[in-house]
Amino acid sequence: MSRVPRRSRAARWAVPLGLLALVVLVPVLPLADPDLTALEARLLTPGSPGHLLGTDALGRDLLSRLLFATRLSLLVGVLGVSIAACVGGSLGVIAAYFGGRVDFLVMRSVDVLLSLPYLLLALGIVAALGPGLGHAMIAIAIVNVPFFARSMRGVALSVVTEEYVTAARSLGASGFRTMTRHILPALRTPLLSAAATSAGWMVVETAGLSFLGLGAQPPTADLGTMVGQTRHLIVTAPHAVLLPAACLALLVVLLNLWSDWLAAHPGPPAAARDSRTEQPTRPATVETEAGVDGLLAVRGLCLSAAGAEILRDVRLDVRAGRALGLAGPSGSGKSLTLLSILGLLPDSVQAQRGQILLSGIDIGLRAQAHPSAILGKRMGYVPQNPQSSLHPLFRVGRQIMEAIEQHQSIPSAEAERRALELLREVRVADPEARLKAYPHELSGGMRQRVALAMALANDPELLLLDEPTTALDATTQAALLSLLSERISARGLTVVFVSHDLGVLAELCDDIAVMDQGQVVEYAEAAQIFAAPTHAVTHALVQASLGEGFATRRALS
Amino acid sequence: MAYVVKRVGMLVVTWLLLSLVVFGLAALVPGDPASAILGPYATEERILLLQREMGMSGSWLSRYWIWLSRVVRGDFGYAYSLDLPVARVVWRRLGPTLLLSSAALCFAVSAGLSVGMLSARRARKRDGLLLSALSLVGISMPTFVLALLFMLLFAAWAGLYPVSGMHDALGSGWRVRDIAAHLVLPALSLGVVSASVIARLTRRYALDAESDEYVRVARAKGLPENAVFYRHIFRTALARVIPVIGLQAGFVLGGAVYVESVFQWPGLGRLLVDAVEKRDLMLMQGTVLVLATAYVLTSLAADLVQRAIDPRVEA
């Protein structure tokens, strides 16, 4: 793909190519014989003439030994990773492809291997096979098989269930053909990243066995063996121990960096997206309500993300006691407008300019810079998704009390009493029991009621609702809407209500602003919007709302 | 309660399968252990007798059964390389290893969680990036390299802690300060890798949680950023990191092999290396089985803790 930057492609292969160069070049470089002993030149320090990095306990040239040993570690690592990847990957694919009993048998055996600390298993295997570099490598490869089997099974499973593979199977393609034609190509990238992840510590563990004297045997130049053989010299001749140790650590840091890099830059990017800035600009037909006497005003709000403008000169005015609906298709910028009012824009979004005025005072676009006690005290917020609007790991009562105690210094018994009161206010059945419940024990509608209770906890003037009913079924939605409208009028709340559904907004809102592509394209009283939509988007939204709106109204009556 | 019972049941099954693997390791050995022990001049009857004594005659299933029933009664066989019953050696060495591993794990958990949360909290600041770079180096350090490095820096050069000698410290009564001084370097070098793994994952999970809607709700309540981070985000990250901590227990028990070798620690890890070197299979099996049992029990503890933190974990 031409869109992959050349630099990123270079980085993808820089580490493997560099290491390959090491493997190829070391034997042809003009280095001293790594195994040539010279007892009269024992333990020379780095910088000695003829021995750049000094010599070891037998007078062998350290530079040469280090390079050969690093090369050996690499070769063993690559070979071990390949074995583990082939065996583990095949097991994973077989388990995913055949499913059922085969899957069960393969994965259970893999689990049993995983229930043993892997180094102990490796030591057990070496104990059985006997010491030696080859055996150490096999042992480390075996203990890595479960990792590859598990991750590749996951990948293969997602391919197997894809349509084209199902189609190929139903057309009578043989199992082997399906695997090689369809499943293996999909595995390439995940397999590479799994291999990169495990390469680092497979090198470490193989070196570890050599360190213990169970892997490579002297006089082989091996990093682990070199550290292990000289470790009693750590105080008298540290360089002989630390240099091979540093080489090993450096090699592993390099491999892990590469693996991190691969994880952060997965594969070729998805198809190019068209940029929003290239859309023709359309003048906004905004009829701004007059006056700064409103409770809330948004002035000239412009936002951008990744260099593209996503919100353009948004102006809104909400007078105290009125409800403003923000409508528009998804991606039109209505939720971002709401988050700007809260001062909780994601970090990926930059505010170019604009003001949020609360009672005529500019509170800024970031909550960290708010004047004291705005969020939770003067503004309450109810989010969209009932699955994630409450913290799953805290009890409901605790979460409501937390909101109360943040802004009112009262004893916790009193806070609990108020939380109970709030739950009653939002008509949660059996509120005493619900206080002690966890969110997952409540229904979606119930969770949104709790979220509303939290938003109302400190008697705010302004209630900000981000599609609070969208994810609910029609009946629950209708019940929540009627509760909302009742609470809004009872408490005299000022509201900004975001929804893509004009029918929902019609129930609650006095004014409606329609947004499209980051701009307010129509802004008028609710009745007028329905009676005479002027913008194409508004027209489409009105049309769409008629069907849903009827359903809602029927459920309400 | 039903959860605990079920989880313990699963533990028994896991342990049985695990014992099968440990038993099976012996089957990988070429040749017959009994004739290996008795040497080339042994008579046929002597070999048969020893085979029966070691529980090595008959089908593999019956041999496994004999082995298992002995193991359950605490009889791990005879360590021919030491001329002692395996059980007696293993029990004596278990305490020091548990002391070392639990100290290392405590360090790994506390350092890992705090470094992870700090580097997530300051993800875009220079010190936060430094902490995450540090944890990348941390996961890349071989345990035995760390052990040697710490020994050189803090024991030999700085003279802060003893180089080795835990054997004497444990042997001469229960002197807490002496034991603690001997414990510091081995536990640190054993814990660094796990601490780094925990730190990296804690950081990632905390940054994941940043974009969760309930975190936005927490901010919208007006909670100060520290409360959002160290209460709401931390709880989410912790629930995901607990299983990782369970896995790290296995890493620590395995890594004890290196640290015990470097610091001359009188534990099971060094015993295991000796057993593997001398190919004393019964000693190897006994050591591996005891260490693996400790690991399985730690995983159980991790599961129970996670269950306590995350109410969504199914019974």
# chains A, B, ... in the order shown; residues from 1 in each chain; ligands from 1
>>> interface_residues(of="chain B", to="chain A", cutoff="8 Å", atoms="only C-alpha atoms", output="VMD selection string")
chain B and resid 14 17 to 18 21 to 22 25 to 30 136 to 137 140 to 142 144 to 145 148 to 149 152 156 212 to 217 219 to 223 232 235 to 236 250 to 251 253 to 255 258 261 273 275 to 277 279 281 284 to 285 288 292 295 to 296 309 to 312
>>> select_by_dssp(residues="segment 58-279 of chain A", states="alpha helix (DSSP H)", output="PyMOL selection string")
chain A and resi 62-98+100-114+118-129+133-160+163-170+175-178+184-211+223-230+238-264
>>> select_by_dssp(residues="segment 381-480 of chain A", states="strand (DSSP E or B)", output="VMD selection string")
chain A and resid 381 to 382 462 to 466
>>> closest_residue(among="B:Ala123, B:Val4, B:Ile198, B:Leu207", to="Gly246 of chain B", atoms="only C-alpha atoms")
B:Ile198
>>> residues_around(residues="segment 182-194 of chain B", least_positions_apart="3", cutoff="8 Å", atoms="only C-alpha atoms", output="VMD selection string")
chain B and resid 100 to 101 103 to 105 107 to 109 112 138 to 144 146 to 147 150 to 151 154 161 to 166 169 178 to 179 197 to 198 248 251 to 252 255 to 256 259 to 260 263
>>> write_last_selection(atoms="N, CA, C and O atoms", output="short mmCIF file (atom, residue, chain, number, x, y, z; two decimals), in the first residue's frame")
data_model
loop_
_atom_site.label_atom_id
_atom_site.label_comp_id
_atom_site.auth_asym_id
_atom_site.auth_seq_id
_atom_site.Cartn_x
_atom_site.Cartn_y
_atom_site.Cartn_z
N LEU B 100 11.51 -16.12 50.44
CA LEU B 100 12.08 -15.33 49.34
C LEU B 100 11.02 -14.94 48.32
O LEU B 100 10.90 -13.77 47.94
N SER B 101 10.20 -15.92 47.90
CA SER B 101 9.23 -15.63 46.84
C SER B 101 8.16 -14.67 47.32
O SER B 101 7.74 -13.79 46.57
N ALA B 103 8.40 -12.41 49.66
CA ALA B 103 8.98 -11.06 49.76
C ALA B 103 9.10 -10.44 48.37
O ALA B 103 8.75 -9.27 48.15
N ALA B 104 9.57 -11.24 47.40
CA ALA B 104 9.73 -10.73 46.04
C ALA B 104 8.38 -10.34 45.45
O ALA B 104 8.25 -9.30 44.78
N LEU B 105 7.37 -11.15 45.69
CA LEU B 105 6.05 -10.88 45.13
C LEU B 105 5.44 -9.62 45.76
O LEU B 105 4.83 -8.81 45.07
N PHE B 107 7.09 -7.10 46.94
CA PHE B 107 7.78 -5.98 46.32
C PHE B 107 7.25 -5.74 44.91
O PHE B 107 6.94 -4.61 44.53
N ALA B 108 7.09 -6.82 44.13
CA ALA B 108 6.66 -6.69 42.74
C ALA B 108 5.28 -6.04 42.66
O ALA B 108 5.04 -5.16 41.85
N VAL B 109 4.38 -6.47 43.55
CA VAL B 109 3.01 -5.95 43.50
C VAL B 109 2.98 -4.48 43.90
O VAL B 109 2.41 -3.64 43.20
N GLY B 112 5.09 -2.46 41.32
CA GLY B 112 4.45 -2.51 40.00
C GLY B 112 3.21 -1.65 39.94
O GLY B 112 3.03 -0.86 39.01
N GLY B 138 13.11 -3.08 32.58
CA GLY B 138 12.87 -4.03 33.66
C GLY B 138 12.42 -5.39 33.18
O GLY B 138 12.93 -6.41 33.63
N ILE B 139 11.48 -5.42 32.21
CA ILE B 139 11.03 -6.75 31.76
C ILE B 139 12.10 -7.44 30.93
O ILE B 139 12.03 -8.63 30.70
N SER B 140 13.10 -6.68 30.46
CA SER B 140 14.11 -7.29 29.60
C SER B 140 15.31 -7.82 30.37
O SER B 140 16.18 -8.46 29.80
N MET B 141 15.38 -7.52 31.68
CA MET B 141 16.55 -7.93 32.44
C MET B 141 16.43 -9.38 32.87
O MET B 141 15.50 -9.74 33.57
N PRO B 142 17.41 -10.21 32.50
CA PRO B 142 17.40 -11.57 33.02
C PRO B 142 17.59 -11.53 34.54
O PRO B 142 18.40 -10.75 35.05
N THR B 143 16.82 -12.37 35.26
CA THR B 143 16.87 -12.34 36.71
C THR B 143 18.28 -12.58 37.24
O THR B 143 18.72 -11.92 38.18
N PHE B 144 19.02 -13.50 36.60
CA PHE B 144 20.35 -13.81 37.14
C PHE B 144 21.31 -12.66 36.93
O PHE B 144 22.22 -12.44 37.72
N LEU B 146 20.38 -9.46 37.04
CA LEU B 146 20.03 -8.52 38.09
C LEU B 146 20.63 -8.95 39.42
O LEU B 146 21.16 -8.13 40.18
N ALA B 147 20.53 -10.25 39.70
CA ALA B 147 21.04 -10.74 40.97
C ALA B 147 22.54 -10.44 41.09
O ALA B 147 23.00 -9.94 42.12
N PHE B 150 23.12 -6.55 41.43
CA PHE B 150 22.79 -6.06 42.77
C PHE B 150 23.85 -6.50 43.77
O PHE B 150 24.24 -5.76 44.66
N MET B 151 24.30 -7.73 43.59
CA MET B 151 25.31 -8.24 44.50
C MET B 151 26.58 -7.39 44.41
O MET B 151 27.16 -6.99 45.42
N PHE B 154 25.43 -3.35 45.54
CA PHE B 154 24.97 -3.04 46.90
C PHE B 154 25.66 -3.86 47.98
O PHE B 154 25.68 -3.48 49.14
N TYR B 161 24.52 -4.57 52.17
CA TYR B 161 23.88 -5.84 52.55
C TYR B 161 24.88 -6.97 52.38
O TYR B 161 25.84 -6.85 51.62
N PRO B 162 24.65 -8.07 53.07
CA PRO B 162 25.56 -9.22 52.94
C PRO B 162 25.47 -9.84 51.55
O PRO B 162 24.43 -9.78 50.90
N VAL B 163 26.61 -10.39 51.08
CA VAL B 163 26.66 -11.02 49.77
C VAL B 163 25.84 -12.31 49.76
O VAL B 163 25.09 -12.58 48.83
N SER B 164 25.99 -13.10 50.79
CA SER B 164 25.22 -14.34 50.89
C SER B 164 25.25 -14.75 52.36
O SER B 164 25.57 -13.94 53.21
N GLY B 165 24.91 -15.99 52.63
CA GLY B 165 25.00 -16.46 54.00
C GLY B 165 23.66 -16.61 54.70
O GLY B 165 23.58 -16.60 55.92
N MET B 166 22.59 -16.70 53.90
CA MET B 166 21.28 -16.91 54.49
C MET B 166 21.23 -18.22 55.26
O MET B 166 20.51 -18.37 56.23
N ALA B 169 22.18 -17.47 58.65
CA ALA B 169 21.20 -16.60 59.29
C ALA B 169 19.98 -17.39 59.73
O ALA B 169 19.46 -17.19 60.83
N ASP B 178 18.70 -9.83 61.07
CA ASP B 178 19.71 -10.53 60.29
C ASP B 178 19.08 -11.14 59.04
O ASP B 178 19.58 -11.00 57.92
N ILE B 179 17.95 -11.80 59.25
CA ILE B 179 17.27 -12.44 58.12
C ILE B 179 16.82 -11.39 57.11
O ILE B 179 16.99 -11.55 55.90
N VAL B 197 6.54 -6.07 34.73
CA VAL B 197 5.39 -6.61 33.98
C VAL B 197 4.10 -6.02 34.55
O VAL B 197 3.23 -5.53 33.81
N ILE B 198 3.99 -6.04 35.88
CA ILE B 198 2.78 -5.51 36.52
C ILE B 198 2.64 -4.02 36.22
O ILE B 198 1.54 -3.54 35.91
N GLN B 248 2.34 -14.01 37.82
CA GLN B 248 3.68 -13.62 38.22
C GLN B 248 4.20 -14.46 39.38
O GLN B 248 5.40 -14.63 39.54
N PHE B 251 6.14 -17.00 37.89
CA PHE B 251 7.43 -16.50 37.42
C PHE B 251 8.41 -16.39 38.58
O PHE B 251 9.58 -16.76 38.47
N VAL B 252 7.90 -15.88 39.72
CA VAL B 252 8.76 -15.69 40.87
C VAL B 252 9.25 -17.04 41.42
O VAL B 252 10.43 -17.21 41.72
N GLY B 255 11.83 -18.17 38.96
CA GLY B 255 13.03 -17.34 38.99
C GLY B 255 13.85 -17.55 40.24
O GLY B 255 15.04 -17.25 40.27
N ALA B 256 13.20 -18.07 41.31
CA ALA B 256 13.92 -18.35 42.54
C ALA B 256 15.11 -19.25 42.28
O ALA B 256 16.13 -19.18 42.97
N VAL B 259 18.04 -16.88 41.50
CA VAL B 259 18.44 -16.05 42.63
C VAL B 259 19.06 -16.90 43.74
O VAL B 259 20.07 -16.53 44.33
N GLU B 260 18.48 -18.07 43.96
CA GLU B 260 19.03 -18.94 45.00
C GLU B 260 20.41 -19.42 44.63
O GLU B 260 21.27 -19.59 45.49
N PHE B 263 22.82 -16.21 45.20
CA PHE B 263 22.99 -15.78 46.59
C PHE B 263 23.18 -16.94 47.56
O PHE B 263 23.12 -16.73 48.77
#
>>> residues_around(residues="Tyr80 of chain B", least_positions_apart="6", cutoff="12 Å", atoms="only C-alpha atoms", output="PyMOL selection string")
chain B and resi 33-34+36-38+54+86+89+274-275+278-284
>>> residues_around(residues="Ala96 of chain A", least_positions_apart="3", cutoff="7 Å", atoms="only C-alpha atoms", output="list in words")
Gly92, Val93, Gly99, Asp103, Arg153, Ala156 and Leu157 of chain A
>>> atom_distance(atom1="atom CA of Arg424 of chain A", atom2="atom CA of Leu462 of chain A")
20.8 Å
>>> closest_residue(among="B:Ser102, B:Gly77, B:Leu61, B:Ala302", to="Leu247 of chain B", atoms="only C-alpha atoms")
B:Ala302
>>> atom_distance(atom1="atom CA of His135 of chain A", atom2="atom CA of Ala85 of chain A")
17.4 Å
>>> residues_around(residues="Ala301 of chain B", least_positions_apart="6", cutoff="12 Å", atoms="only C-alpha atoms", output="NGL selection string")
:B and (4 or 7-8 or 11 or 242-243 or 245-247 or 249 or 294-295 or 307-308)
>>> write_last_selection(atoms="C-alpha atoms", output="PDB file, in the first residue's frame")
ATOM      1  CA  VAL B   4     -15.007 -21.095  46.868  1.00  0.00           C
ATOM      2  CA  ARG B   7     -12.882 -23.146  42.769  1.00  0.00           C
ATOM      3  CA  VAL B   8     -11.310 -25.590  45.217  1.00  0.00           C
ATOM      4  CA  LEU B  11      -7.940 -26.791  41.972  1.00  0.00           C
ATOM      5  CA  ILE B 242      -4.965  -9.360  39.692  1.00  0.00           C
ATOM      6  CA  PRO B 243      -4.906 -12.412  37.363  1.00  0.00           C
ATOM      7  CA  ILE B 245      -0.262 -11.047  39.603  1.00  0.00           C
ATOM      8  CA  GLY B 246      -1.342 -14.671  39.953  1.00  0.00           C
ATOM      9  CA  LEU B 247       0.718 -15.556  36.887  1.00  0.00           C
ATOM     10  CA  ALA B 249       3.692 -15.867  41.271  1.00  0.00           C
ATOM     11  CA  ALA B 294       2.576 -23.491  45.842  1.00  0.00           C
ATOM     12  CA  TYR B 295       1.870 -21.823  42.494  1.00  0.00           C
ATOM     13  CA  ARG B 307     -13.741 -12.249  43.182  1.00  0.00           C
ATOM     14  CA  ALA B 308     -13.735  -9.945  46.204  1.00  0.00           C
TER      15      ALA B 308
END
>>> atom_distance(atom1="atom CA of Ala237 of chain A", atom2="atom CA of Ala155 of chain B")
15.3 Å
